[in-house]
Structure formats: structure tokens, C-alpha cells
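The file upload19.txt contains compact mmCIF, C-alpha atoms and all ligand atoms:
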# COMPACT_ATOMS: atom_id res chain seq x y z
CA MET H 19 0.00 0.00 0.00
CA SER H 20 1.05 3.64 -0.21
CA GLN H 21 2.55 3.62 3.28
CA ALA H 22 5.56 5.92 3.58
CA PRO H 23 8.59 3.62 3.82
CA LYS H 24 10.20 3.64 7.25
CA PRO H 25 13.47 5.57 7.75
CA PRO H 26 16.39 5.45 7.64
CA LEU H 27 16.48 6.03 3.86
CA GLU H 28 19.00 7.66 1.60
CA PRO H 29 17.80 11.21 0.72
CA ILE H 30 17.29 10.28 -2.93
CA THR H 31 14.98 7.42 -1.94
CA GLY H 32 13.10 9.73 0.36
CA LEU H 33 12.50 12.10 -2.52
CA ILE H 34 10.97 9.35 -4.62
CA HIS H 35 9.02 7.59 -1.88
CA HIS H 36 7.69 10.75 -0.31
CA PRO H 37 4.62 10.25 1.86
CA TYR H 38 2.21 11.87 -0.57
CA ARG H 39 -1.50 11.60 0.14
CA ALA H 40 -4.40 12.86 -1.97
CA PRO H 41 -5.36 16.09 -0.24
CA GLU H 42 -8.46 15.14 1.72
CA GLY H 43 -10.52 18.13 2.67
CA TRP H 44 -9.24 20.09 -0.30
CA ASP H 45 -12.16 21.51 -2.26
CA ALA H 46 -11.62 24.04 -5.06
CA VAL H 47 -13.37 24.99 -8.28
CA PRO H 48 -10.90 23.60 -10.85
CA PRO H 49 -10.48 19.85 -10.99
CA GLY H 50 -7.11 18.55 -9.89
CA VAL H 51 -4.49 17.75 -12.52
CA PHE H 52 -3.26 14.20 -12.05
CA LYS H 53 -0.14 13.00 -13.78
CA GLY H 54 1.34 9.57 -13.93
CA SER H 55 2.61 6.96 -16.31
CA THR H 56 2.81 4.24 -13.67
CA VAL H 57 -0.36 3.67 -11.69
CA CYS H 58 0.30 1.71 -8.49
CA PHE H 59 -1.91 -1.21 -7.50
CA PRO H 60 -2.40 -2.12 -3.84
CA ASP H 61 -1.66 -5.78 -4.58
CA VAL H 62 -1.33 -8.29 -7.39
CA ALA H 63 -4.97 -9.34 -7.16
CA ALA H 64 -6.05 -5.74 -7.80
CA MET H 65 -3.66 -5.54 -10.73
CA ARG H 66 -5.18 -8.67 -12.27
CA ALA H 67 -8.74 -7.50 -11.62
CA ARG H 68 -8.44 -4.26 -13.54
CA HIS H 69 -8.47 -4.06 -17.34
CA TRP H 70 -7.69 -0.95 -19.36
CA THR H 71 -10.90 -1.17 -21.39
CA GLN H 72 -12.95 -0.50 -18.25
CA ARG H 73 -13.61 3.21 -17.78
CA GLY H 74 -13.24 4.85 -14.41
CA VAL H 75 -10.55 2.29 -13.54
CA TYR H 76 -6.84 3.12 -13.40
CA THR H 77 -4.26 0.80 -14.91
CA TYR H 78 -1.66 2.96 -16.65
CA GLY H 79 -1.37 6.68 -17.38
CA LEU H 80 -1.91 6.15 -21.11
CA ARG H 81 -5.26 4.47 -20.44
CA GLY H 82 -6.86 7.25 -18.46
CA THR H 83 -6.39 9.39 -15.38
CA PRO H 84 -8.84 11.28 -13.15
CA THR H 85 -7.97 14.31 -15.30
CA THR H 86 -8.72 12.73 -18.68
CA TYR H 87 -11.88 11.06 -17.36
CA THR H 88 -13.11 14.44 -16.10
CA LEU H 89 -12.67 16.05 -19.52
CA GLU H 90 -14.23 13.06 -21.28
CA GLU H 91 -17.30 13.25 -19.05
CA ARG H 92 -17.69 16.98 -19.58
CA LEU H 93 -17.38 16.69 -23.36
CA ALA H 94 -19.87 13.82 -23.55
CA THR H 95 -22.30 16.01 -21.59
CA LEU H 96 -21.64 19.05 -23.81
CA GLU H 97 -22.30 17.07 -26.99
CA GLY H 98 -25.31 15.21 -25.65
CA GLY H 99 -23.56 11.83 -25.79
CA THR H 100 -22.65 9.23 -23.19
CA HIS H 101 -19.06 8.18 -23.98
CA CYS H 102 -15.94 10.06 -25.01
CA VAL H 103 -12.39 9.25 -26.08
CA LEU H 104 -9.64 11.90 -26.28
CA ALA H 105 -7.06 12.00 -29.07
CA PRO H 106 -3.88 14.08 -29.43
CA SER H 107 -5.40 16.26 -32.19
CA GLY H 108 -8.62 16.66 -34.11
CA LEU H 109 -7.05 14.91 -37.07
CA ALA H 110 -5.93 12.02 -34.84
CA ALA H 111 -9.56 11.70 -33.70
CA ILE H 112 -10.70 11.45 -37.33
CA ALA H 113 -8.01 8.86 -38.08
CA THR H 114 -8.96 6.83 -34.99
CA VAL H 115 -12.61 6.63 -36.06
CA ASN H 116 -11.59 5.51 -39.55
CA GLN H 117 -9.12 2.93 -38.31
CA ALA H 118 -11.51 1.55 -35.70
CA LEU H 119 -14.36 0.99 -38.14
CA LEU H 120 -12.89 0.31 -41.59
CA ARG H 121 -11.17 -2.76 -43.05
CA THR H 122 -9.94 -3.61 -46.55
CA GLY H 123 -12.89 -3.50 -48.95
CA ASP H 124 -14.85 -1.00 -46.85
CA VAL H 125 -15.83 2.45 -48.13
CA LEU H 126 -15.68 5.96 -46.75
CA PHE H 127 -18.07 8.69 -47.95
CA LEU H 128 -16.86 12.28 -47.62
CA PRO H 129 -18.60 15.57 -48.40
CA ALA H 130 -16.99 17.54 -51.25
CA ASN H 131 -16.19 20.34 -48.78
CA VAL H 132 -14.61 18.02 -46.19
CA TYR H 133 -11.75 19.22 -43.96
CA GLY H 134 -8.76 18.90 -46.34
CA PRO H 135 -6.48 16.71 -44.21
CA SER H 136 -9.35 14.24 -43.71
CA ARG H 137 -9.50 13.77 -47.47
CA GLU H 138 -5.72 13.48 -47.68
CA LEU H 139 -5.84 10.60 -45.18
CA ALA H 140 -8.42 8.86 -47.38
CA ARG H 141 -6.33 9.47 -50.49
CA HIS H 142 -3.13 8.06 -49.00
CA GLU H 143 -3.10 5.70 -45.99
CA LEU H 144 -6.71 4.47 -46.35
CA ALA H 145 -6.29 3.91 -50.08
CA ASP H 146 -3.06 1.98 -49.41
CA TRP H 147 -4.98 -0.27 -47.01
CA GLY H 148 -7.63 -1.05 -49.66
CA ILE H 149 -10.27 1.29 -48.23
CA SER H 150 -11.77 3.45 -50.95
CA HIS H 151 -13.60 6.77 -50.63
CA ARG H 152 -16.28 8.56 -52.57
CA LEU H 153 -17.23 12.22 -52.45
CA TYR H 154 -20.83 13.39 -52.24
CA ASP H 155 -22.48 16.80 -52.55
CA PRO H 156 -23.51 17.88 -49.02
CA LEU H 157 -26.43 19.87 -50.44
CA GLN H 158 -27.74 16.95 -52.58
CA PRO H 159 -28.51 13.90 -50.38
CA GLN H 160 -29.37 11.93 -53.50
CA THR H 161 -25.66 11.96 -54.42
CA LEU H 162 -24.93 10.18 -51.12
CA ALA H 163 -27.82 7.76 -51.63
CA ASP H 164 -26.54 6.93 -55.14
CA ALA H 165 -22.96 6.48 -53.89
CA LEU H 166 -24.17 4.17 -51.09
CA ALA H 167 -26.33 2.16 -53.52
CA ALA H 168 -23.24 1.67 -55.72
CA GLU H 169 -21.33 0.18 -52.75
CA PRO H 170 -23.82 -2.30 -51.22
CA ALA H 171 -23.48 -3.68 -47.69
CA GLN H 172 -22.44 -7.05 -49.13
CA GLN H 173 -19.27 -7.26 -51.16
CA ALA H 174 -19.11 -9.34 -54.37
CA ASP H 175 -17.74 -12.33 -52.40
CA GLY H 176 -20.53 -12.09 -49.84
CA ARG H 177 -18.45 -10.51 -47.07
CA PRO H 178 -20.07 -7.61 -45.25
CA ARG H 179 -18.87 -4.13 -46.14
CA THR H 180 -18.83 -1.27 -43.64
CA ARG H 181 -19.83 2.09 -45.07
CA LEU H 182 -18.82 5.11 -42.98
CA VAL H 183 -20.33 8.48 -43.90
CA TRP H 184 -18.56 11.59 -42.64
CA LEU H 185 -20.64 14.74 -42.32
CA GLU H 186 -19.36 18.24 -41.72
CA ALA H 187 -21.60 21.17 -40.74
CA ALA H 188 -20.74 23.70 -42.02
CA GLY H 189 -18.14 22.34 -44.44
CA SER H 190 -14.57 23.61 -44.38
CA VAL H 191 -13.57 26.80 -46.21
CA THR H 192 -16.58 27.11 -48.54
CA MET H 193 -18.96 26.86 -45.56
CA GLU H 194 -21.96 25.19 -47.28
CA PHE H 195 -24.32 23.96 -44.56
CA PRO H 196 -25.31 20.37 -45.45
CA ASP H 197 -28.82 18.97 -45.76
CA LEU H 198 -28.31 16.99 -42.53
CA THR H 199 -31.86 15.63 -42.47
CA GLY H 200 -31.61 14.28 -46.01
CA LEU H 201 -28.10 12.91 -45.55
CA LEU H 202 -29.00 11.13 -42.30
CA ALA H 203 -32.06 9.60 -43.95
CA ALA H 204 -29.94 8.34 -46.87
CA ALA H 205 -27.36 6.84 -44.50
CA ARG H 206 -30.07 5.20 -42.38
CA THR H 207 -31.84 3.74 -45.41
CA HIS H 208 -28.59 2.13 -46.54
CA GLY H 209 -27.46 1.01 -43.07
CA ALA H 210 -24.32 3.18 -43.05
CA ILE H 211 -22.57 4.49 -39.93
CA THR H 212 -22.50 8.29 -39.62
CA ALA H 213 -19.77 10.45 -38.07
CA LEU H 214 -20.02 14.22 -37.81
CA ASP H 215 -17.00 16.50 -37.71
CA ASN H 216 -18.64 18.79 -35.15
CA THR H 217 -15.75 21.23 -34.72
CA TRP H 218 -17.71 24.15 -36.18
CA GLY H 219 -20.75 23.46 -33.97
CA ALA H 220 -18.52 22.98 -30.89
CA GLY H 221 -21.35 21.09 -29.17
CA LEU H 222 -23.19 24.43 -28.96
CA ALA H 223 -24.74 25.32 -32.35
CA LEU H 224 -26.49 22.01 -33.01
CA ARG H 225 -27.40 18.77 -31.22
CA ALA H 226 -25.40 16.05 -32.99
CA PHE H 227 -27.35 13.14 -31.50
CA ASP H 228 -30.77 14.73 -31.89
CA LEU H 229 -30.97 16.23 -35.36
CA ALA H 230 -34.04 14.86 -37.10
CA ASP H 231 -37.21 12.76 -36.83
CA ASP H 232 -36.36 9.09 -37.04
CA GLY H 233 -39.56 8.26 -38.92
CA GLN H 234 -40.88 6.25 -35.94
CA GLY H 235 -42.01 9.09 -33.73
CA GLY H 236 -38.59 9.61 -32.15
CA ARG H 237 -35.50 11.67 -32.84
CA CYS H 238 -32.18 10.57 -34.22
CA GLY H 239 -28.77 11.97 -34.99
CA VAL H 240 -25.32 10.84 -35.94
CA ASP H 241 -23.61 7.77 -34.48
CA ILE H 242 -20.35 9.60 -33.73
CA SER H 243 -19.53 13.24 -33.04
CA MET H 244 -15.86 14.14 -33.50
CA HIS H 245 -14.60 17.52 -32.36
CA ALA H 246 -11.28 19.37 -32.69
CA LEU H 247 -10.90 20.70 -29.14
CA THR H 248 -8.00 22.70 -30.58
CA LYS H 249 -10.57 25.28 -31.66
CA TYR H 250 -13.32 26.52 -29.31
CA PRO H 251 -13.02 24.35 -26.18
CA SER H 252 -9.36 25.32 -25.77
CA GLY H 253 -10.01 28.86 -26.95
CA GLY H 254 -6.40 29.85 -26.36
CA ALA H 255 -4.72 28.80 -29.63
CA ASP H 256 -2.35 26.85 -27.40
CA VAL H 257 -3.53 23.21 -27.39
CA LEU H 258 -4.01 20.44 -29.94
CA MET H 259 -6.60 17.81 -28.99
CA GLY H 260 -9.60 15.95 -30.37
CA SER H 261 -12.58 14.06 -29.00
CA ILE H 262 -14.82 11.25 -30.19
CA VAL H 263 -18.24 11.16 -28.54
CA THR H 264 -20.86 8.45 -29.00
CA ARG H 265 -24.16 7.43 -27.48
CA ASP H 266 -23.70 3.78 -28.24
CA GLU H 267 -21.76 1.55 -25.86
CA ALA H 268 -20.77 -1.03 -28.50
CA LEU H 269 -19.53 1.61 -30.93
CA HIS H 270 -17.62 3.33 -28.14
CA ARG H 271 -15.95 0.03 -27.21
CA ARG H 272 -14.74 -0.51 -30.79
CA ILE H 273 -13.27 2.99 -30.92
CA LEU H 274 -11.75 2.72 -27.45
CA ALA H 275 -10.12 -0.62 -28.28
CA THR H 276 -8.42 0.73 -31.42
CA HIS H 277 -7.48 3.97 -29.63
CA GLY H 278 -5.84 1.95 -26.85
CA ARG H 279 -4.01 -0.42 -29.17
CA LEU H 280 -2.65 2.53 -31.15
CA GLY H 281 -1.27 4.02 -27.94
CA LEU H 282 -2.96 7.40 -28.31
CA GLY H 283 -2.76 9.54 -25.21
CA VAL H 284 -3.07 13.19 -24.20
CA ALA H 285 -0.91 15.12 -21.76
CA ALA H 286 -2.33 16.21 -18.40
CA ASN H 287 -1.25 19.84 -18.90
CA ASP H 288 -3.08 19.99 -22.22
CA VAL H 289 -6.19 18.48 -20.67
CA GLU H 290 -5.92 21.06 -17.92
CA ALA H 291 -5.84 23.85 -20.52
CA VAL H 292 -9.02 22.53 -22.16
CA LEU H 293 -10.72 22.08 -18.78
CA ARG H 294 -9.85 25.70 -18.06
CA GLY H 295 -11.31 26.85 -21.39
CA LEU H 296 -14.52 24.85 -21.19
CA PRO H 297 -16.47 26.94 -18.66
CA THR H 298 -16.22 29.97 -20.97
CA VAL H 299 -16.71 28.15 -24.28
CA ALA H 300 -20.34 29.21 -24.69
CA LEU H 301 -19.62 32.86 -23.87
CA ARG H 302 -16.72 32.97 -26.32
CA TYR H 303 -18.60 31.07 -29.02
CA HIS H 304 -21.58 33.42 -28.90
CA ALA H 305 -19.41 36.55 -28.75
CA GLN H 306 -17.37 35.39 -31.75
CA ASP H 307 -20.60 34.43 -33.55
CA ALA H 308 -22.08 37.91 -33.04
CA ALA H 309 -18.88 39.65 -34.14
CA ALA H 310 -18.48 37.42 -37.20
CA ARG H 311 -22.07 37.98 -38.31
CA GLN H 312 -21.70 41.73 -37.95
CA LEU H 313 -18.55 41.71 -40.06
CA ALA H 314 -20.00 39.26 -42.60
CA GLN H 315 -23.04 41.49 -43.12
CA TRP H 316 -20.88 44.58 -43.44
CA LEU H 317 -18.53 42.85 -45.90
CA ALA H 318 -21.46 41.75 -48.08
CA GLY H 319 -22.09 45.43 -48.90
CA GLN H 320 -18.48 46.34 -49.72
CA PRO H 321 -17.10 46.92 -53.22
CA ARG H 322 -14.65 44.20 -54.33
CA VAL H 323 -16.53 41.62 -52.23
CA ALA H 324 -18.32 39.34 -54.70
CA ARG H 325 -19.91 37.06 -52.10
CA VAL H 326 -19.84 36.27 -48.39
CA LEU H 327 -20.05 32.58 -47.47
CA HIS H 328 -21.52 32.48 -43.96
CA PRO H 329 -24.29 29.93 -43.30
CA ALA H 330 -26.37 32.41 -41.26
CA LEU H 331 -26.63 34.84 -44.20
CA PRO H 332 -29.86 34.26 -46.16
CA ASP H 333 -28.16 33.83 -49.55
CA ALA H 334 -25.48 31.42 -48.30
CA PRO H 335 -25.44 27.87 -49.67
CA GLY H 336 -27.40 25.66 -47.29
CA HIS H 337 -28.77 28.57 -45.25
CA ALA H 338 -32.20 26.88 -44.90
CA HIS H 339 -30.53 23.78 -43.42
CA TRP H 340 -28.56 25.93 -41.00
CA ALA H 341 -31.83 27.59 -39.92
CA THR H 342 -33.44 24.15 -39.38
CA HIS H 343 -30.69 22.75 -37.17
CA CYS H 344 -28.84 25.63 -35.59
CA THR H 345 -29.36 28.34 -33.04
CA ALA H 346 -25.89 29.81 -33.48
CA ALA H 347 -22.86 29.80 -35.78
CA ALA H 348 -19.12 29.68 -35.31
CA GLY H 349 -17.14 32.90 -35.78
CA ILE H 350 -15.65 31.79 -39.07
CA PHE H 351 -16.64 32.55 -42.66
CA SER H 352 -15.18 33.15 -46.09
CA VAL H 353 -15.38 35.96 -48.61
CA LEU H 354 -15.07 35.67 -52.37
CA LEU H 355 -13.27 38.72 -53.64
CA ASP H 356 -13.83 40.19 -57.12
CA PRO H 357 -12.61 37.68 -59.76
CA ALA H 358 -11.18 40.69 -61.68
CA LEU H 359 -8.50 41.09 -59.01
CA SER H 360 -5.19 39.30 -59.52
CA ALA H 361 -4.02 36.62 -57.09
CA ALA H 362 -1.14 38.95 -56.16
CA GLN H 363 -3.60 41.72 -55.21
CA VAL H 364 -5.50 39.30 -52.98
CA ASP H 365 -2.27 38.14 -51.32
CA GLY H 366 -1.41 41.82 -50.84
CA PHE H 367 -4.79 42.42 -49.19
CA VAL H 368 -4.14 39.60 -46.68
CA ASP H 369 -0.53 40.68 -46.11
CA GLY H 370 -1.70 44.26 -45.49
CA LEU H 371 -4.13 43.41 -42.67
CA GLN H 372 -2.75 44.50 -39.34
CA LEU H 373 -4.98 42.88 -36.73
CA PHE H 374 -5.82 39.74 -38.71
CA ARG H 375 -2.80 37.47 -38.48
CA ILE H 376 -2.03 34.92 -41.21
CA GLY H 377 -2.36 31.37 -39.93
CA TYR H 378 -4.38 28.17 -39.71
CA SER H 379 -6.85 27.09 -37.05
CA TRP H 380 -9.58 29.17 -35.41
CA GLY H 381 -11.51 29.65 -32.18
CA GLY H 382 -8.67 31.51 -30.45
CA PRO H 383 -8.37 35.11 -29.24
CA VAL H 384 -6.65 36.45 -32.38
CA SER H 385 -8.44 36.96 -35.71
CA LEU H 386 -6.93 35.09 -38.64
CA ALA H 387 -7.03 35.34 -42.44
CA VAL H 388 -6.05 32.68 -44.98
CA PRO H 389 -6.36 32.88 -48.78
CA TYR H 390 -7.29 29.54 -50.38
CA ASP H 391 -6.97 28.55 -54.02
CA LEU H 392 -10.27 26.76 -54.70
CA ARG H 393 -8.97 25.41 -57.99
CA LEU H 394 -6.60 23.16 -56.03
CA MET H 395 -9.31 22.05 -53.58
CA ARG H 396 -12.57 21.48 -55.35
CA GLU H 397 -13.52 19.85 -58.63
CA ASP H 398 -17.04 21.28 -58.22
CA ARG H 399 -16.85 25.05 -57.85
CA ARG H 400 -20.48 25.79 -58.65
CA GLY H 401 -21.16 29.44 -57.80
CA LEU H 402 -17.77 29.83 -56.13
CA ASP H 403 -16.04 32.21 -58.51
CA GLY H 404 -13.54 34.70 -57.19
CA HIS H 405 -10.63 34.65 -54.80
CA LEU H 406 -11.51 33.04 -51.50
CA VAL H 407 -10.22 34.42 -48.21
CA ARG H 408 -11.26 32.72 -44.99
CA LEU H 409 -11.63 34.91 -41.93
CA CYS H 410 -11.87 33.62 -38.39
CA ILE H 411 -12.89 36.17 -35.84
CA GLY H 412 -11.12 36.39 -32.51
CA LEU H 413 -12.00 38.40 -29.44
CA GLU H 414 -10.86 41.87 -30.54
CA ALA H 415 -13.31 44.82 -30.70
CA VAL H 416 -15.44 44.51 -33.84
CA ALA H 417 -14.91 48.16 -34.75
CA ASP H 418 -11.14 47.64 -34.88
CA LEU H 419 -11.49 44.52 -37.04
CA GLN H 420 -13.88 46.33 -39.40
CA ALA H 421 -11.48 49.26 -39.74
CA ASP H 422 -8.65 46.84 -40.53
CA LEU H 423 -10.69 45.16 -43.28
CA ALA H 424 -11.91 48.55 -44.60
CA ARG H 425 -8.33 49.77 -44.93
CA GLY H 426 -7.36 46.60 -46.77
CA LEU H 427 -10.31 46.78 -49.18
CA ALA H 428 -9.72 50.48 -49.85
CA ALA H 429 -6.15 49.66 -50.83
CA LEU H 430 -7.52 47.33 -53.54
CA GLY H 431 -9.05 50.38 -55.26
C1 LIG P 501 -8.96 22.04 -37.15
C2 LIG P 501 -9.94 21.05 -37.66
C3 LIG P 501 -9.70 19.67 -37.53
C4 LIG P 501 -8.41 19.10 -36.99
O1 LIG P 501 -8.04 19.53 -35.74
P1 LIG P 501 -6.48 19.52 -35.32
O2 LIG P 501 -6.53 19.51 -33.84
O3 LIG P 501 -5.89 20.76 -35.92
O4 LIG P 501 -5.88 18.27 -35.88
C5 LIG P 501 -10.66 18.82 -37.98
N1 LIG P 501 -11.80 19.26 -38.54
C6 LIG P 501 -12.07 20.57 -38.69
C7 LIG P 501 -13.34 20.99 -39.31
C8 LIG P 501 -11.14 21.52 -38.25
O5 LIG P 501 -11.39 22.80 -38.43
What is this structure when it is put down as C-alpha cells?
Amino acid sequence: MSQAPKPPLEPITGLIHHPYRAPEGWDAVPPGVFKGSTVCFPDVAAMRARHWTQRGVYTYGLRGTPTTYTLEERLATLEGGTHCVLAPSGLAAIATVNQALLRTGDVLFLPANVYGPSRELARHELADWGISHRLYDPLQPQTLADALAAEPAQQADGRPRTRLVWLEAAGSVTMEFPDLTGLLAAARTHGAITALDNTWGAGLALRAFDLADDGQGGRCGVDISMHALTKYPSGGADVLMGSIVTRDEALHRRILATHGRLGLGVAANDVEAVLRGLPTVALRYHAQDAAARQLAQWLAGQPRVARVLHPALPDAPGHAHWATHCTAAAGIFSVLLDPALSAAQVDGFVDGLQLFRIGYSWGGPVSLAVPYDLRLMREDRRGLDGHLVRLCIGLEAVADLQADLARGLAALG
């Protein structure tokens, strides 16, 4: 047991075997941060009785600590799920879901506006492992239904085939809000598993597990909600982490088993940073939403701005679906600048911004701008002519951000 060894001891031994006790009677607002690779068992029988796949049980630091369990519980609650697994980044969470569920011969279905690195994973590692992918139009559920019908649940040799449909609301960069109701119905009809990249919604804008009527008098949603905690939950632009939330014990167990076998863990200090950000996530999300909408509306009336792609604006692609499912929006949107401008002028506009920094990610305190070349990203560019610049809105005063953008646009002439 954790009895302090009896003296006399060499000083170095005393440092290691110090008589530490959990601080009974200590009660403070933030949860404690527990670190440890080794977890000590009181005796061999206890060691044999515990297995790492049990939650709430401690076997080894990689398998879960009081700190990681606390964050998992809070995220499951935030997203309306029951189980959660943490991964070292949002992309690692995506990869874990894919690897847990897909085998050679299985098929992945991705929206055309999917988060770019998710598609790269499908193009490279998954393709090398004999897992193919198909793209569908997130605004046309029939394209998903047709793609699913072309890849039936039974393979030619009679073996079952898993079909995993990723959804993203709103989609990356071009921000179309998908027809979630139609896509879920198509996936359900064809018996496919659904996973939502819920980074944009942050567990706040929409209810991932409660999105639509299930056709039997109840409600239904996605099977899996994945979330890049790097963005809003952290809020500090200082942590990389991802989460995978489910409502289904069996599905959770499959994901947890693969996650464990891959040796994916998160550091206690990073978990602490996310736990510190979580209590303010809703305040920050709604403040950044309000600021982004104000700037998006203002930008829509500016010369040299051909189009603003923000799902809460009435003319945005998928706006009606956003209005059906959402009560809020993330503070991120894109603008299409006048196609008559040269690419160099657009780069100059971004370079000339003073408060907007140039960089990836979003959800942090600093506003960011990134120009994207749609020709390299999308085969289907329907209605997306012009130079795209993505803006993510931080926590600065809106008037200062607007003045920065106004200066930049004025310089374009
Ligand atoms: C940032 C992001 C991810 C990946 O998160 P990382 O922690 O950066 O790996 C996944 N999906 C979306 C939509 C994102 O914006």
C-alpha cells in the first residue's frame, strides 16, 4: 500500500518515496491535474482484476487518469452523448474513427467540402490499405444515396462491407451547410454508420445526437460526433486535442479498443488547458458568432466583395438547413473577392491586414485570415467564382477589425 517507507532512507529514496497523500478536505473549483505513467496497484490481485478497457478504472497513465476522465465526461455532456475518447489532435480523432471501423474492402463517404487533411488521409493511408472513398455533394442527399447504392453492404464475395459516412456542418472553407436531415435519412436507409465532424458546432450550435425525426415518432442523430478541441473548447490557440463522442456503448468500445491499441494519449497539462477553457466556451462562441455575423453582413455590402459565405446569411449555400438545425454559428466565414483582381492583389490584401494574423486554425483570441486557391481544392466550384479568403474572428473589438478590413479593401481600389 502507499505507506511511507520507514526511515532510515538515503535522501534520494526519500524524494521518490515521499509520503504523498491525496489532499483530503481540499475543495476548489478547478479539478485537480493528475499526472502519472505508472499507476500503483495495492496488490497483485487488484492488478489482475483491472483491465484498461474499463472506464473509471486506473491501470496505466496512457489508459486514463482522473484528469482525462473528467474532460471526457464533460465533453460527452456538452455534446449530448454518453461516452468520449480523447485523441492528441482533431485529425488524430478522425483517423482513430476511420481505423476503428474500416477494413480492406470497406468504403468511406466524404462531403466535397470536407476538412482537407481528412480527405488526404483517405487518399493516401486508407487507399493503401484497400479502403476506398467517394465524395458526395452535401447539399444533394441523393448523391450520397446513389454512392451508397453503388457500394452495397455485401461485397461481391458475400463478405459484409462497412460504409462510414462523414458529415461536416458547415463544411470547411466554402462553408456550405449540409442537408443533414436528407443525408442522415440516406445513410439510415442504406445502413451506413455516420460520423459528424462537429468542430464548427462545438457542441453548442447544433445537437449532434438529436438532429431529425427518425420516422418512428422519435428523434435521431449521428452515431459519432468528432470535435477538434483545438478550436473553441481550448479557446487559447495553445492546445491540440480531439474528441470522439458516441451514445452507443458497442460503438464506443470498438473505438476505445483501437485507440488503446494505437497508444494514443493526451498530456495532463493539455487536458488542464481545455478544462480551463470549457467553462467559458459558450460565452466565447456566442461573442465570436455575433462579431463574425456583424462583419460578414458589413462585408457583403463592400465593393470588391463578390460574395460572403456564412451559413447564417440568407443567400449562403445551405442557409435553410442551418436555420433548421442551428441556433448559433461559429465565428468563421469566407469571402469571395472580385474575380477581376489578380491573385497577387489578394495576397497583398491579406498581407496588409494588421490585426488579422495569417495562420491556420480558429476559435482563439486572435483573428486570422487565410487565402485559399479553390482550384486546387474542389472539382465542383459551382457558384464559387472569385478569390476566397477565410476569416476567423477572434475576441478583438469589432470596430477595430472592421477598420482593418476597410483599410485593406480600400487599398484594392
Ligand atoms: C482544425 C480542424 C480539424 C483538426 O483539428 P487539429 O486539432 O488541428 O488536428 C478537424 N476538422 C475541422 C473541421 C477543423 O477545423
Shell of 10 Å around ligand LIG 501 (chain P) (all atoms listed in the file), written as JSON, numbers by chain: {"H": [105, 106, 107, 108, 109, 110, 111, 112, 113, 131, 132, 133, 134, 135, 136, 186, 187, 188, 189, 190, 191, 214, 215, 216, 217, 218, 219, 244, 245, 246, 247, 248, 249, 257, 258, 259, 260, 261, 350, 378, 379, 380, 381]}
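Non-sequential neighbours of Asn116 (chain H) (distance at most 9 Å, separation of 6 or more positions within a chain, only C-alpha atoms) are Leu126, Leu144 and Leu182 of chain H.
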Would you tabulate, counting only C-alpha atoms, all residues of region 392-416 of chain H that have an atom at most 12 Å from an atom of region 355-359 of chain H, showing the closest pair of atoms and their distance in Å to one decimal, sorted by chain then ascending number, as JSON lines?
{"residue": "H:Leu402", "atom": "CA", "partner": "H:Pro357", "partner_atom": "CA", "distance": 10.1}
{"residue": "H:Asp403", "atom": "CA", "partner": "H:Pro357", "partner_atom": "CA", "distance": 6.6}
{"residue": "H:Gly404", "atom": "CA", "partner": "H:Pro357", "partner_atom": "CA", "distance": 4.0}
{"residue": "H:His405", "atom": "CA", "partner": "H:Leu355", "partner_atom": "CA", "distance": 5.0}
{"residue": "H:Leu406", "atom": "CA", "partner": "H:Leu355", "partner_atom": "CA", "distance": 6.3}
{"residue": "H:Val407", "atom": "CA", "partner": "H:Leu355", "partner_atom": "CA", "distance": 7.6}
{"residue": "H:Arg408", "atom": "CA", "partner": "H:Leu355", "partner_atom": "CA", "distance": 10.7}
May I have the residues within 12 Å of Gln320 (chain H) as a CSV table (one decimal) with C-alpha atoms, keeping the file's coordinate frame, using all atoms listed in the file and disregarding those fewer than 2 positions away in the same chain?
chain,number,residue,atom,x,y,z
H,313,LEU,CA,-18.6,41.7,-40.1
H,314,ALA,CA,-20.0,39.3,-42.6
H,315,GLN,CA,-23.0,41.5,-43.1
H,316,TRP,CA,-20.9,44.6,-43.4
H,317,LEU,CA,-18.5,42.8,-45.9
H,318,ALA,CA,-21.5,41.8,-48.1
H,322,ARG,CA,-14.6,44.2,-54.3
H,323,VAL,CA,-16.5,41.6,-52.2
H,324,ALA,CA,-18.3,39.3,-54.7
H,325,ARG,CA,-19.9,37.1,-52.1
H,326,VAL,CA,-19.8,36.3,-48.4
H,353,VAL,CA,-15.4,36.0,-48.6
H,354,LEU,CA,-15.1,35.7,-52.4
H,355,LEU,CA,-13.3,38.7,-53.6
H,356,ASP,CA,-13.8,40.2,-57.1
H,420,GLN,CA,-13.9,46.3,-39.4
H,423,LEU,CA,-10.7,45.2,-43.3
H,424,ALA,CA,-11.9,48.6,-44.6
H,425,ARG,CA,-8.3,49.8,-44.9
H,426,GLY,CA,-7.4,46.6,-46.8
H,427,LEU,CA,-10.3,46.8,-49.2
H,428,ALA,CA,-9.7,50.5,-49.8
H,430,LEU,CA,-7.5,47.3,-53.5
H,431,GLY,CA,-9.0,50.4,-55.3
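For the set H:Ala415, H:Ala429, H:His304, H:Arg279, the residue with the smallest atom-to-atom gap to Gly370 (chain H) is H:Ala429, counting all atoms listed in the file.
Across H:Phe195, H:Gly82, H:Asp256, H:Ala309, the tightest approach to Gly283 (chain H) is made by H:Gly82 when counting all atoms listed in the file.
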With all atoms listed in the file counted, which protein, DNA or RNA residues have an atom no more than 7 Å from (-21.8, 19.6, -28.9) in the file frame? Please answer as a list in words. Leu96, Glu97, Gly98, Gly219, Ala220, Gly221, Leu222, Leu224, Arg225 and Ala226 of chain H
Could you work out how far CA of Leu93 (chain H) lies from CA of Tyr250 (chain H), giving the answer in Å with one decimal? 12.2 Å
State, in Å with one decimal place, the distance from CA of Leu413 (chain H) to CA of Val384 (chain H). 6.4 Å
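Within the 7 Å cut-off around Leu373 (chain H), using all atoms listed in the file and omitting residues fewer than 6 positions from it on the same chain, the listed residues are Ser385, Leu419 and Asp422 of chain H.
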Saved region 256-262 of chain H from the preceding structure, N, CA, C and O atoms, as a short mmCIF file (atom, residue, chain, number, x, y, z; two decimals), in the first residue's frame:
data_model
loop_
_atom_site.label_atom_id
_atom_site.label_comp_id
_atom_site.auth_asym_id
_atom_site.auth_seq_id
_atom_site.Cartn_x
_atom_site.Cartn_y
_atom_site.Cartn_z
N ASP H 256 -3.55 27.36 -28.05
CA ASP H 256 -2.35 26.85 -27.40
C ASP H 256 -2.36 25.34 -27.19
O ASP H 256 -1.43 24.79 -26.61
N VAL H 257 -3.41 24.65 -27.65
CA VAL H 257 -3.53 23.21 -27.39
C VAL H 257 -3.98 22.51 -28.66
O VAL H 257 -4.77 23.07 -29.42
N LEU H 258 -3.48 21.31 -28.87
CA LEU H 258 -4.01 20.44 -29.94
C LEU H 258 -4.65 19.23 -29.28
O LEU H 258 -4.00 18.55 -28.47
N MET H 259 -5.92 18.98 -29.57
CA MET H 259 -6.60 17.81 -28.99
C MET H 259 -7.89 17.54 -29.76
O MET H 259 -8.45 18.46 -30.38
N GLY H 260 -8.34 16.30 -29.72
CA GLY H 260 -9.60 15.95 -30.37
C GLY H 260 -10.41 15.04 -29.49
O GLY H 260 -9.88 14.43 -28.55
N SER H 261 -11.72 14.96 -29.78
CA SER H 261 -12.58 14.06 -29.00
C SER H 261 -13.49 13.29 -29.93
O SER H 261 -13.81 13.74 -31.03
N ILE H 262 -13.89 12.11 -29.46
CA ILE H 262 -14.82 11.25 -30.19
C ILE H 262 -15.92 10.88 -29.21
O ILE H 262 -15.69 10.15 -28.25
#
